[in-house]
$ cat run14.cif   # mmCIF, C-alpha atoms and all ligand atoms
data_target
loop_
_atom_site.label_atom_id
_atom_site.label_comp_id
_atom_site.auth_asym_id
_atom_site.auth_seq_id
_atom_site.Cartn_x
_atom_site.Cartn_y
_atom_site.Cartn_z
CA MET A 738 13.29 -9.87 19.42
CA SER A 739 10.99 -12.82 19.99
CA ALA A 740 7.49 -12.81 18.61
CA LEU A 741 4.54 -11.50 20.61
CA LEU A 742 2.08 -13.71 18.80
CA VAL A 743 2.99 -17.08 17.33
CA ALA A 744 0.73 -19.44 15.44
CA GLU A 745 2.32 -22.71 14.39
CA GLY A 746 1.19 -25.63 12.30
CA LEU A 747 -2.42 -24.52 12.20
CA HIS A 748 -4.91 -26.89 10.69
CA LYS A 749 -8.60 -26.23 10.33
CA ALA A 750 -11.29 -28.09 8.42
CA TYR A 751 -14.95 -27.29 7.95
CA GLY A 752 -16.51 -30.64 7.13
CA LYS A 753 -14.56 -31.84 4.10
CA THR A 754 -13.22 -28.39 3.31
CA VAL A 755 -9.68 -27.94 4.52
CA ALA A 756 -9.36 -24.22 5.24
CA LEU A 757 -5.89 -24.41 6.80
CA ALA A 758 -3.46 -27.23 6.08
CA ALA A 759 -0.23 -25.98 7.61
CA ALA A 760 -0.24 -22.31 8.43
CA ASP A 761 2.18 -20.30 10.53
CA LEU A 762 2.19 -16.69 11.57
CA ALA A 763 4.59 -14.83 13.82
CA VAL A 764 4.08 -11.21 14.79
CA ARG A 765 6.60 -9.15 16.72
CA ALA A 766 5.51 -6.26 18.90
CA GLY A 767 4.75 -3.16 16.88
CA GLU A 768 5.22 -4.60 13.40
CA ILE A 769 2.74 -4.63 10.57
CA VAL A 770 2.49 -7.96 8.75
CA SER A 771 0.41 -8.39 5.62
CA VAL A 772 -1.32 -11.65 4.74
CA MET A 773 -2.06 -12.05 1.03
CA GLY A 774 -3.27 -14.90 -1.12
CA PRO A 775 -6.08 -15.94 -3.46
CA SER A 776 -9.71 -15.92 -2.38
CA GLY A 777 -10.57 -19.00 -0.35
CA SER A 778 -6.93 -19.72 0.47
CA GLY A 779 -7.51 -19.48 4.23
CA LYS A 780 -6.43 -15.93 5.13
CA SER A 781 -9.48 -15.11 7.25
CA THR A 782 -9.40 -18.51 8.91
CA LEU A 783 -5.75 -17.95 9.80
CA LEU A 784 -6.58 -14.53 11.25
CA HIS A 785 -9.50 -15.92 13.25
CA CYS A 786 -7.40 -18.74 14.67
CA ALA A 787 -4.49 -16.44 15.53
CA ALA A 788 -6.87 -14.04 17.29
CA GLY A 789 -8.52 -16.76 19.33
CA LEU A 790 -11.88 -16.31 17.59
CA THR A 791 -11.77 -19.79 16.07
CA ARG A 792 -10.26 -22.88 17.60
CA PRO A 793 -7.86 -24.60 15.19
CA GLY A 794 -8.23 -28.35 14.67
CA ALA A 795 -4.52 -28.75 15.27
CA GLY A 796 -1.60 -26.46 15.95
CA LEU A 797 -0.65 -23.96 18.57
CA VAL A 798 -1.35 -20.27 19.13
CA ARG A 799 0.71 -18.47 21.74
CA TYR A 800 0.23 -14.86 22.76
CA ALA A 801 2.87 -13.36 25.06
CA GLY A 802 3.94 -16.88 25.91
CA GLN A 803 0.44 -18.05 26.72
CA ASP A 804 -1.19 -20.95 24.90
CA LEU A 805 -4.64 -19.69 23.89
CA ALA A 806 -6.08 -23.21 23.92
CA GLN A 807 -5.25 -23.51 27.62
CA LEU A 808 -7.42 -20.54 28.53
CA THR A 809 -11.07 -20.82 29.51
CA ASP A 810 -13.52 -19.18 27.13
CA VAL A 811 -14.06 -16.37 29.60
CA ARG A 812 -10.37 -15.64 29.98
CA ARG A 813 -9.78 -15.93 26.27
CA SER A 814 -12.45 -13.38 25.48
CA ALA A 815 -11.13 -11.07 28.19
CA LEU A 816 -7.69 -11.33 26.61
CA ARG A 817 -9.17 -10.50 23.22
CA ARG A 818 -10.92 -7.44 24.60
CA ARG A 819 -7.87 -6.12 26.42
CA GLU A 820 -5.03 -7.02 24.10
CA PHE A 821 -6.53 -7.20 20.62
CA GLY A 822 -8.42 -4.87 18.31
CA PHE A 823 -10.44 -5.90 15.27
CA VAL A 824 -11.32 -4.26 11.97
CA PHE A 825 -13.32 -6.16 9.39
CA GLN A 826 -14.46 -5.39 5.88
CA PHE A 827 -17.95 -4.25 6.83
CA GLY A 828 -20.99 -4.92 8.98
CA GLN A 829 -19.12 -4.67 12.23
CA LEU A 830 -20.76 -1.62 13.81
CA VAL A 831 -23.89 -1.92 15.94
CA PRO A 832 -26.55 -0.08 13.91
CA GLU A 833 -28.58 1.05 16.94
CA LEU A 834 -25.62 2.76 18.63
CA THR A 835 -24.13 6.13 17.74
CA ALA A 836 -20.60 6.29 16.38
CA VAL A 837 -19.10 7.31 19.69
CA GLN A 838 -21.03 4.57 21.51
CA ASN A 839 -19.72 2.04 18.99
CA VAL A 840 -16.17 3.19 19.61
CA ALA A 841 -16.70 3.07 23.38
CA LEU A 842 -18.23 -0.41 23.27
CA PRO A 843 -15.09 -2.49 23.96
CA LEU A 844 -14.37 -0.36 27.03
CA ARG A 845 -17.96 -0.63 28.26
CA LEU A 846 -17.81 -4.42 27.88
CA ASP A 847 -14.67 -4.33 29.96
CA GLY A 848 -16.45 -2.50 32.78
CA VAL A 849 -15.26 1.06 32.15
CA SER A 850 -17.83 3.68 33.17
CA ARG A 851 -19.88 5.20 30.42
CA ARG A 852 -18.46 8.68 30.88
CA ALA A 853 -14.83 7.58 30.90
CA ALA A 854 -15.39 5.22 27.97
CA GLU A 855 -17.07 7.85 25.82
CA ARG A 856 -14.44 10.42 26.67
CA ARG A 857 -11.69 8.12 25.47
CA ALA A 858 -13.78 7.17 22.45
CA ALA A 859 -14.25 10.84 21.59
CA GLY A 860 -10.49 11.33 21.72
CA TRP A 861 -10.01 8.65 19.07
CA MET A 862 -12.90 9.97 16.98
CA ASP A 863 -11.16 13.34 16.97
CA ARG A 864 -7.90 11.86 15.94
CA LEU A 865 -9.51 9.97 13.04
CA GLY A 866 -11.24 13.10 11.76
CA LEU A 867 -14.69 12.08 12.98
CA ALA A 868 -15.26 14.70 15.67
CA ASP A 869 -18.48 15.93 14.07
CA LYS A 870 -19.85 12.42 13.53
CA ALA A 871 -19.98 11.33 17.17
CA ALA A 872 -23.77 11.32 17.34
CA ALA A 873 -24.34 9.77 13.92
CA ARG A 874 -25.51 6.18 13.59
CA PRO A 875 -23.62 3.84 11.26
CA GLY A 876 -26.40 4.07 8.66
CA GLU A 877 -25.78 7.80 8.42
CA LEU A 878 -22.07 7.42 7.69
CA SER A 879 -20.23 6.81 4.41
CA GLY A 880 -18.35 3.55 4.01
CA GLY A 881 -15.04 5.29 4.64
CA GLU A 882 -16.36 6.97 7.78
CA GLN A 883 -17.72 3.68 9.06
CA GLN A 884 -14.30 2.09 8.58
CA ARG A 885 -12.66 4.95 10.46
CA VAL A 886 -15.15 4.40 13.30
CA ALA A 887 -14.17 0.73 13.24
CA VAL A 888 -10.48 1.69 13.38
CA ALA A 889 -11.17 3.99 16.34
CA ARG A 890 -13.01 1.16 18.06
CA ALA A 891 -10.12 -1.22 17.43
CA LEU A 892 -7.71 1.28 18.99
CA VAL A 893 -9.72 2.52 21.94
CA GLY A 894 -8.64 -0.22 24.34
CA GLY A 895 -4.93 0.29 23.65
CA PRO A 896 -4.45 -3.09 21.93
CA LYS A 897 -1.09 -4.76 21.40
CA VAL A 898 -2.29 -6.45 18.21
CA ILE A 899 -4.85 -5.23 15.71
CA PHE A 900 -6.36 -7.84 13.42
CA ALA A 901 -7.59 -6.23 10.22
CA ASP A 902 -9.37 -8.39 7.64
CA GLU A 903 -9.74 -6.51 4.34
CA PRO A 904 -10.21 -3.19 6.18
CA THR A 905 -10.40 -1.32 2.87
CA GLY A 906 -12.14 -4.05 0.87
CA ALA A 907 -15.38 -2.12 0.46
CA LEU A 908 -13.81 1.29 -0.20
CA ASP A 909 -12.55 3.12 -3.27
CA SER A 910 -8.83 3.82 -3.46
CA VAL A 911 -9.00 7.32 -1.97
CA ALA A 912 -11.12 6.34 1.05
CA GLY A 913 -9.08 3.17 1.42
CA GLU A 914 -5.87 5.14 1.50
CA GLN A 915 -7.26 7.47 4.13
CA VAL A 916 -8.25 4.54 6.34
CA MET A 917 -4.83 2.92 5.86
CA ASP A 918 -2.95 6.15 6.59
CA LEU A 919 -4.86 6.53 9.84
CA LEU A 920 -4.55 2.89 10.85
CA ASN A 921 -0.84 2.92 10.02
CA ASP A 922 -0.11 6.12 11.94
CA ALA A 923 -2.16 5.12 14.97
CA ALA A 924 -0.58 1.66 15.13
CA ARG A 925 2.95 3.06 14.76
CA ASP A 926 2.32 5.74 17.39
CA THR A 927 0.81 3.40 19.94
CA GLY A 928 3.20 0.54 19.20
CA ALA A 929 0.39 -1.83 18.27
CA ALA A 930 1.21 -4.64 15.87
CA VAL A 931 -1.14 -5.19 12.93
CA VAL A 932 -2.05 -8.38 11.10
CA LEU A 933 -3.33 -7.04 7.81
CA VAL A 934 -5.25 -9.42 5.56
CA THR A 935 -5.69 -7.91 2.11
CA HIS A 936 -5.68 -8.79 -1.55
CA ASP A 937 -4.71 -5.22 -2.45
CA SER A 938 -0.96 -4.83 -2.85
CA ARG A 939 -1.18 -1.08 -2.28
CA VAL A 940 -2.64 -1.83 1.15
CA ALA A 941 -0.11 -4.59 1.82
CA ALA A 942 2.65 -2.09 1.05
CA TYR A 943 1.99 -0.38 4.37
CA ALA A 944 3.33 -3.50 6.10
CA ASP A 945 6.89 -4.11 7.20
CA ARG A 946 6.77 -7.57 5.67
CA GLY A 947 4.23 -10.05 4.40
CA ILE A 948 3.31 -13.68 4.21
CA VAL A 949 1.35 -15.47 1.51
CA VAL A 950 -1.33 -18.10 2.05
CA ARG A 951 -2.13 -20.57 -0.69
CA ASP A 952 -4.37 -23.64 -0.34
CA GLY A 953 -4.31 -23.33 3.43
CA ARG A 954 -0.51 -23.21 3.59
CA SER A 955 1.41 -20.11 4.53
CA PHE A 956 4.85 -19.15 3.39
CA ASP A 957 7.19 -16.26 3.81
CA PRO A 958 8.14 -15.05 0.33
CA ALA A 959 11.20 -13.21 1.65
CA GLY A 960 12.59 -16.63 2.52
CA VAL A 961 11.92 -18.15 -0.92
CA ARG A 962 15.24 -17.30 -2.54
CA MET B 1155 12.37 14.00 -25.54
CA THR B 1156 10.46 14.62 -22.33
CA MET B 1157 13.30 16.59 -20.79
CA ARG B 1158 13.53 18.86 -23.81
CA SER B 1159 9.79 19.55 -23.65
CA THR B 1160 9.83 20.20 -19.91
CA PHE B 1161 12.66 22.74 -20.40
CA LEU B 1162 10.50 24.49 -22.96
CA ALA B 1163 7.50 24.42 -20.63
CA LEU B 1164 9.59 25.91 -17.83
CA LEU B 1165 10.84 28.63 -20.18
CA GLU B 1166 7.28 29.33 -21.30
CA GLY B 1167 6.44 29.92 -17.65
CA GLN B 1168 9.39 32.26 -17.29
CA ALA B 1169 12.43 33.36 -19.27
CA GLN B 1170 15.46 32.46 -17.19
CA HIS B 1171 19.15 31.69 -16.84
CA GLY B 1172 20.38 28.18 -17.52
CA TYR B 1173 21.24 27.86 -13.87
CA ASP B 1174 17.71 28.71 -12.72
CA LEU B 1175 16.32 26.38 -15.36
CA LYS B 1176 18.29 23.51 -13.87
CA ARG B 1177 17.02 24.35 -10.40
CA ALA B 1178 13.42 24.58 -11.59
CA TYR B 1179 13.78 21.29 -13.44
CA ASP B 1180 15.17 19.54 -10.37
CA GLN B 1181 12.38 20.91 -8.22
CA HIS B 1182 9.55 19.81 -10.48
CA PHE B 1183 10.82 16.85 -12.45
CA GLY B 1184 14.17 15.71 -11.14
CA ARG B 1185 13.36 14.81 -7.57
CA SER B 1186 15.00 11.46 -7.66
CA ARG B 1187 17.41 12.29 -10.50
CA PRO B 1188 18.68 15.87 -10.75
CA VAL B 1189 19.79 16.94 -14.23
CA ALA B 1190 23.46 17.74 -14.88
CA TYR B 1191 24.43 21.24 -16.01
CA GLY B 1192 25.99 19.79 -19.12
CA GLN B 1193 22.67 18.28 -20.15
CA VAL B 1194 20.88 21.59 -19.62
CA TYR B 1195 23.30 23.52 -21.80
CA THR B 1196 23.38 20.85 -24.49
CA ALA B 1197 19.58 20.89 -24.62
CA LEU B 1198 19.49 24.70 -24.67
CA ALA B 1199 21.99 24.82 -27.51
CA LYS B 1200 19.81 22.46 -29.55
CA LEU B 1201 16.67 24.41 -28.78
CA LEU B 1202 18.48 27.57 -29.83
CA ARG B 1203 19.53 26.06 -33.14
CA GLY B 1204 15.99 24.82 -33.74
CA GLY B 1205 14.58 28.31 -33.16
CA PHE B 1206 12.54 27.23 -30.12
CA VAL B 1207 14.33 29.63 -27.81
CA THR B 1208 16.27 32.86 -28.15
CA VAL B 1209 18.95 34.15 -25.91
CA GLU B 1210 19.39 37.62 -24.47
CA PRO B 1211 22.37 38.88 -22.58
CA GLY B 1212 21.56 39.35 -18.91
CA GLU B 1213 23.04 41.95 -16.58
CA GLY B 1214 26.55 41.60 -15.26
CA ASP B 1215 29.76 40.65 -16.97
CA GLY B 1216 28.16 38.63 -19.75
CA GLY B 1217 29.60 35.28 -18.67
CA PRO B 1218 27.91 32.15 -19.99
CA ASP B 1219 25.60 31.78 -17.03
CA ARG B 1220 24.31 35.34 -17.35
CA LYS B 1221 22.40 34.72 -20.56
CA ILE B 1222 18.63 34.65 -20.32
CA TYR B 1223 16.82 32.06 -22.39
CA LYS B 1224 13.41 32.97 -23.73
CA ILE B 1225 10.86 30.77 -25.51
CA THR B 1226 9.80 31.67 -29.08
CA GLU B 1227 6.41 31.25 -30.80
CA ALA B 1228 7.73 28.04 -32.34
CA GLY B 1229 8.67 26.88 -28.85
CA VAL B 1230 5.19 27.55 -27.49
CA THR B 1231 3.67 25.68 -30.43
CA ASP B 1232 6.02 22.79 -29.73
CA VAL B 1233 4.94 22.59 -26.09
CA GLN B 1234 1.30 22.53 -27.20
CA ARG B 1235 2.00 19.78 -29.73
CA TRP B 1236 3.74 17.74 -27.03
CA LEU B 1237 0.80 18.08 -24.64
CA ASP B 1238 -1.71 17.27 -27.39
CA GLU B 1239 0.02 14.06 -28.40
CA PRO B 1240 -1.02 11.13 -26.16
CA GLU B 1241 1.71 8.82 -24.99
CA ASP B 1242 1.83 5.36 -26.50
CA PRO B 1243 0.49 2.87 -23.97
CA GLU B 1244 3.44 0.69 -23.12
CA GLN B 1245 3.33 -2.76 -24.58
CA TYR B 1246 4.16 -5.21 -21.86
CA LEU B 1247 3.53 -8.38 -23.85
CA GLN B 1248 7.19 -9.07 -24.44
CA SER B 1249 8.23 -8.22 -20.94
CA SER B 1250 11.11 -10.14 -19.50
CA LEU B 1251 8.80 -11.49 -16.84
CA TYR B 1252 6.54 -13.09 -19.41
CA ALA B 1253 9.63 -14.50 -21.08
CA LYS B 1254 10.81 -15.99 -17.80
CA VAL B 1255 7.46 -17.63 -17.06
CA ILE B 1256 7.30 -19.24 -20.49
CA SER B 1257 10.95 -20.28 -20.33
CA ALA B 1258 10.42 -21.89 -16.94
CA LEU B 1259 7.47 -23.83 -18.30
CA LEU B 1260 9.34 -24.82 -21.46
CA THR B 1261 12.20 -26.22 -19.44
CA GLY B 1262 10.07 -27.94 -16.84
CA ARG B 1263 11.19 -25.56 -14.09
CA SER B 1264 8.88 -23.98 -11.53
CA ALA B 1265 7.15 -20.95 -13.00
CA ALA B 1266 5.40 -20.49 -9.66
CA ALA B 1267 8.79 -19.90 -8.07
CA VAL B 1268 9.57 -17.26 -10.69
CA LEU B 1269 6.30 -15.52 -9.84
CA ASP B 1270 6.86 -15.78 -6.08
CA VAL B 1271 10.30 -14.24 -6.22
CA GLN B 1272 9.01 -11.46 -8.43
CA ARG B 1273 6.01 -10.81 -6.18
CA GLU B 1274 8.24 -10.24 -3.18
CA LYS B 1275 10.55 -7.97 -5.17
CA HIS B 1276 7.61 -5.91 -6.33
CA LEU B 1277 6.12 -5.72 -2.84
CA GLU B 1278 9.43 -4.63 -1.37
CA ALA B 1279 9.58 -1.82 -3.92
CA MET B 1280 5.99 -0.88 -3.06
CA ARG B 1281 6.77 -0.82 0.66
CA GLU B 1282 9.69 1.51 0.01
CA LEU B 1283 7.55 3.78 -2.19
CA THR B 1284 4.81 3.82 0.46
CA ARG B 1285 7.31 4.89 3.13
CA ARG B 1286 8.62 7.61 0.83
CA LYS B 1287 5.12 8.73 -0.03
CA ARG B 1288 4.19 9.03 3.64
CA THR B 1289 6.94 11.57 4.27
CA GLY B 1290 6.77 13.50 1.02
CA ASP B 1291 4.82 16.48 -0.20
CA LEU B 1292 1.91 16.25 -2.63
CA ALA B 1293 4.14 16.15 -5.72
CA ASP B 1294 6.17 13.33 -4.19
CA ARG B 1295 2.99 11.49 -3.40
CA ILE B 1296 1.62 11.53 -6.91
CA ILE B 1297 4.98 10.49 -8.33
CA CYS B 1298 5.04 7.54 -5.92
CA ASP B 1299 1.40 6.76 -6.69
CA HIS B 1300 2.20 6.49 -10.39
CA ALA B 1301 4.82 3.87 -9.62
CA LEU B 1302 2.61 2.16 -7.05
CA PHE B 1303 -0.33 1.77 -9.44
CA HIS B 1304 1.96 0.31 -12.11
CA LEU B 1305 3.54 -2.16 -9.70
CA ASP B 1306 0.06 -3.04 -8.48
CA ALA B 1307 -0.97 -3.81 -12.07
CA ASP B 1308 2.07 -6.07 -12.45
CA LEU B 1309 1.17 -7.86 -9.24
CA ARG B 1310 -2.38 -8.45 -10.40
CA TRP B 1311 -0.95 -10.00 -13.53
CA LEU B 1312 1.37 -12.15 -11.39
CA GLU B 1313 -1.54 -13.35 -9.25
CA HIS B 1314 -3.70 -14.02 -12.26
CA THR B 1315 -0.93 -15.88 -14.06
CA ALA B 1316 -0.27 -17.97 -10.95
CA THR B 1317 -3.84 -19.27 -11.17
CA VAL B 1318 -3.51 -20.39 -14.82
CA LEU B 1319 0.02 -21.82 -14.74
CA HIS B 1320 -1.20 -25.37 -14.93
CA GLU B 1321 -3.20 -24.71 -18.07
CA LEU B 1322 -0.43 -22.58 -19.52
CA ALA B 1323 2.09 -25.36 -18.95
CA GLY B 1324 -0.11 -27.73 -20.94
CA GLN B 1325 -0.22 -25.37 -23.91
CA VAL B 1326 3.42 -24.37 -23.87
CA ARG B 1327 4.74 -27.89 -23.82
CA ARG B 1328 2.52 -29.15 -26.62
N1 LIG C 1401 -17.45 -21.04 8.76
C1 LIG C 1401 -17.14 -21.78 7.70
N2 LIG C 1401 -17.85 -22.86 7.36
C2 LIG C 1401 -17.52 -23.61 6.31
N3 LIG C 1401 -16.49 -23.35 5.49
C3 LIG C 1401 -15.74 -22.28 5.76
C4 LIG C 1401 -16.02 -21.43 6.86
N4 LIG C 1401 -15.10 -20.43 6.88
C5 LIG C 1401 -14.28 -20.65 5.82
N5 LIG C 1401 -14.66 -21.76 5.15
C6 LIG C 1401 -13.99 -22.31 3.95
O1 LIG C 1401 -12.60 -22.36 4.23
C7 LIG C 1401 -11.83 -21.94 3.09
C8 LIG C 1401 -10.98 -20.75 3.47
O2 LIG C 1401 -11.81 -19.64 3.74
P1 LIG C 1401 -11.28 -18.24 4.20
O3 LIG C 1401 -12.47 -17.42 4.53
O4 LIG C 1401 -10.27 -18.41 5.26
O5 LIG C 1401 -10.57 -17.72 2.87
P2 LIG C 1401 -9.96 -16.28 2.53
O6 LIG C 1401 -8.57 -16.51 2.09
O7 LIG C 1401 -10.19 -15.36 3.65
O8 LIG C 1401 -10.81 -15.86 1.26
P3 LIG C 1401 -11.32 -14.40 0.81
O9 LIG C 1401 -10.13 -13.71 0.19
O10 LIG C 1401 -12.35 -14.70 -0.23
O11 LIG C 1401 -11.87 -13.71 2.00
C9 LIG C 1401 -12.84 -21.65 1.99
O12 LIG C 1401 -12.94 -22.78 1.17
C10 LIG C 1401 -14.13 -21.42 2.74
O13 LIG C 1401 -15.23 -21.79 1.95
MG MG C 1402 -11.35 -13.61 3.92
#

$ encode --input "run14.cif" --output "structure tokens"
Amino acid sequence: MSALLVAEGLHKAYGKTVALAAADLAVRAGEIVSVMGPSGSGKSTLLHCAAGLTRPGAGLVRYAGQDLAQLTDVRRSALRRREFGFVFQFGQLVPELTAVQNVALPLRLDGVSRRAAERRAAGWMDRLGLADKAAARPGELSGGEQQRVAVARALVGGPKVIFADEPTGALDSVAGEQVMDLLNDAARDTGAAVVLVTHDSRVAAYADRGIVVRDGRSFDPAGVR
Amino acid sequence: MTMRSTFLALLEGQAQHGYDLKRAYDQHFGRSRPVAYGQVYTALAKLLRGGFVTVEPGEGDGGPDRKIYKITEAGVTDVQRWLDEPEDPEQYLQSSLYAKVISALLTGRSAAAVLDVQREKHLEAMRELTRRKRTGDLADRIICDHALFHLDADLRWLEHTATVLHELAGQVRR
């Protein structure tokens, strides 16, 4: 099967800092791919470029055959909203909104009516064990609950690819495992692919395979031998 | 040693036939590796000789499998002693992996390649354990977790070592 998302020969520099020197990533529909590597090696930059959040200095990103660089900003952000979901380490929820409003946000931005959006959001909240937290604001939730809200929000639009950057980085191992179990099950059930950036091998072990990034270069360790 | 003690613990829970003891062992301890009957009876014979268990004839025709094994006071004391004695933390310093890293450096080969190959092997094992854990019951899960935490510790060592290889090479070759 050919890859749904392909990033090839990515290069990215911030001033004199080379964040990506030659990074590749290929993700097939429905698979979970881990991205590991030392701090500062370029994992987040790779994820941002592959998701169309950051424009690489050189290289190509294709999603479903489409070159992201060829899209206008408006179309690229529409594609992100409709096809991608995002989970970050922390600080991603809007503090003024309730949990269910946070989950519904991507749908609202995409023009779905408030009632329909919140109904679908509530369905995901239920599924992630957050039914009784719908009206809570992020500040009233534990770290693990906040991450589950973020997972619900990533899933609510029915994404084909979920980009998760250290989704358990701020959690202890029990809460982290709970978040990973839920993310894993939801992704497998809905057929969403996941790009999972983590430095925790127990988290990476949920993936079907993994790549390693070192000094801005990616490699596939299964191909080393 | 562990198997012998777990047999005693099972018999402390309940006096039973050798056959039931095997089944109980497999259920609690032998999930991935069931014990052979021969091993059970060899262990029971030793425990009998040591005075840790006694045997009583069960009902029926008195065939070998009808005997009921029962723990003695000495057996109970032995179980307690086993539980009281902490396990020796394993010493990993002379692990074959360490030996490979140093040997690679000594011979001017790529120690990073040794670490990379090992990392992928470890991760593959962790993926398999994670899959197994996701379909198992609670006992399965904590067995898998034990292995997962150990492999995770190895991987941390691999990552850490990868960052000091340059320095290590300088010292090894001096
Ligand atoms: N917006 C930015 N401006 C300037 N430098 C940046 C920016 N983003 C990343 N960098 C630099 O690029 C390099 C790669 O950063 P990146 O965040 O991709 O690493 P990472 O592998 O995700 O690290 P970590 O595991 O610590 O999250 C680092 O040297 C970082 O300082
Ligand atoms: Mg990062």

$ interface_residues --input "run14.cif" --of "chain A" --to "chain B" --cutoff "12 Å" --atoms "only C-alpha atoms" --output "VMD selection string"
chain A and resid 769 to 771 773 to 776 910 to 911 914 to 915 917 to 919 921 to 922 936 to 952 956 to 962

$ residues_around --input "run14.cif" --residues "A:Arg819" --least-positions-apart "3" --cutoff "8 Å" --atoms "only C-alpha atoms" --output "NGL selection string"
:A and (815-816 or 847 or 894-896)

$ closest_residue --input "run14.cif" --among "A:Arg864, A:Leu846, A:Ser781, A:Gln829" --to "A:Gly876" --atoms "only C-alpha atoms"
A:Gln829

$ residues_near_point --input "run14.cif" --point "(14.8, 20.4, -12.3)" --cutoff "10 Å" --atoms "only C-alpha atoms" --output "list in words"
Met1157, Thr1160, Phe1161, Leu1164, Tyr1173, Asp1174, Leu1175, Lys1176, Arg1177, Ala1178, Tyr1179, Asp1180, Gln1181, His1182, Phe1183, Gly1184, Arg1185, Arg1187, Pro1188, Val1189, Ala1190 and Val1194 of chain B

$ closest_atom_pairs --input "run14.cif" --of "chain A" --to "ligand LIG 1401 (chain C)" --cutoff "8 Å" --atoms "only C-alpha atoms and all ligand atoms" --output "tab-separated table"
residue	atom	partner	partner_atom	distance
A:Ala750	CA	C:LIG1401	O1	7.2
A:Tyr751	CA	C:LIG1401	C2	4.8
A:Gly752	CA	C:LIG1401	C2	7.1
A:Thr754	CA	C:LIG1401	O12	6.0
A:Val755	CA	C:LIG1401	O1	6.3
A:Ala756	CA	C:LIG1401	O1	3.9
A:Leu757	CA	C:LIG1401	C8	7.1
A:Met773	CA	C:LIG1401	O6	8.0
A:Gly774	CA	C:LIG1401	O6	6.4
A:Pro775	CA	C:LIG1401	O9	5.9
A:Ser776	CA	C:LIG1401	O9	3.4
A:Gly777	CA	C:LIG1401	O5	3.5
A:Ser778	CA	C:LIG1401	O6	4.0
A:Gly779	CA	C:LIG1401	O4	3.1
A:Lys780	CA	C:LIG1401	O6	3.8
A:Ser781	CA	C:LIG1401	O7	3.7
A:Thr782	CA	C:LIG1401	O4	3.8
A:Leu783	CA	C:LIG1401	O4	6.4
A:Glu903	CA	C:LIG1401	O11	7.9
A:Val934	CA	C:LIG1401	O7	8.0
A:Thr935	CA	C:LIG1401	O9	7.6
A:His936	CA	C:LIG1401	O9	6.9
A:Val950	CA	C:LIG1401	O6	7.4
A:Gly953	CA	C:LIG1401	C8	7.2

$ residues_around --input "run14.cif" --residues "A:Val824" --least-positions-apart "3" --cutoff "8 Å" --atoms "all atoms listed in the file" --output "PDB file with C-alpha atoms, keeping the file's coordinate frame"
ATOM      1  CA  GLN A 829     -19.120  -4.670  12.230  1.00  0.00           C
ATOM      2  CA  GLN A 884     -14.300   2.090   8.580  1.00  0.00           C
ATOM      3  CA  ALA A 887     -14.170   0.730  13.240  1.00  0.00           C
ATOM      4  CA  VAL A 888     -10.480   1.690  13.380  1.00  0.00           C
ATOM      5  CA  ALA A 891     -10.120  -1.220  17.430  1.00  0.00           C
ATOM      6  CA  ILE A 899      -4.850  -5.230  15.710  1.00  0.00           C
ATOM      7  CA  PHE A 900      -6.360  -7.840  13.420  1.00  0.00           C
ATOM      8  CA  ALA A 901      -7.590  -6.230  10.220  1.00  0.00           C
ATOM      9  CA  ASP A 902      -9.370  -8.390   7.640  1.00  0.00           C
ATOM     10  CA  PRO A 904     -10.210  -3.190   6.180  1.00  0.00           C
TER      11      PRO A 904
END

$ atom_distance --input "run14.cif" --atom1 "atom CA of B:Leu1269" --atom2 "atom CA of B:Lys1287"
26.2 Å

$ atom_distance --input "run14.cif" --atom1 "atom CA of A:Gln838" --atom2 "atom CA of A:Ala873"
9.8 Å

$ closest_residue --input "run14.cif" --among "B:His1171, B:Arg1158, B:Arg1203, B:His1320" --to "B:Gly1262" --atoms "only C-alpha atoms"
B:His1320

$ closest_residue --input "run14.cif" --among "B:Ser1186, B:Thr1261, B:Thr1226, B:Gln1193" --to "B:Ala1163" --atoms "only C-alpha atoms"
B:Thr1226

$ axis_aligned_box --input "run14.cif" --around "stretch 1188-1198 of chain B" --padding-each-side "5 Å" --output "AutoDock Vina command-line options"
--center_x 22.3 --center_y 20.3 --center_z -17.7 --size_x 17.3 --size_y 18.8 --size_z 23.9
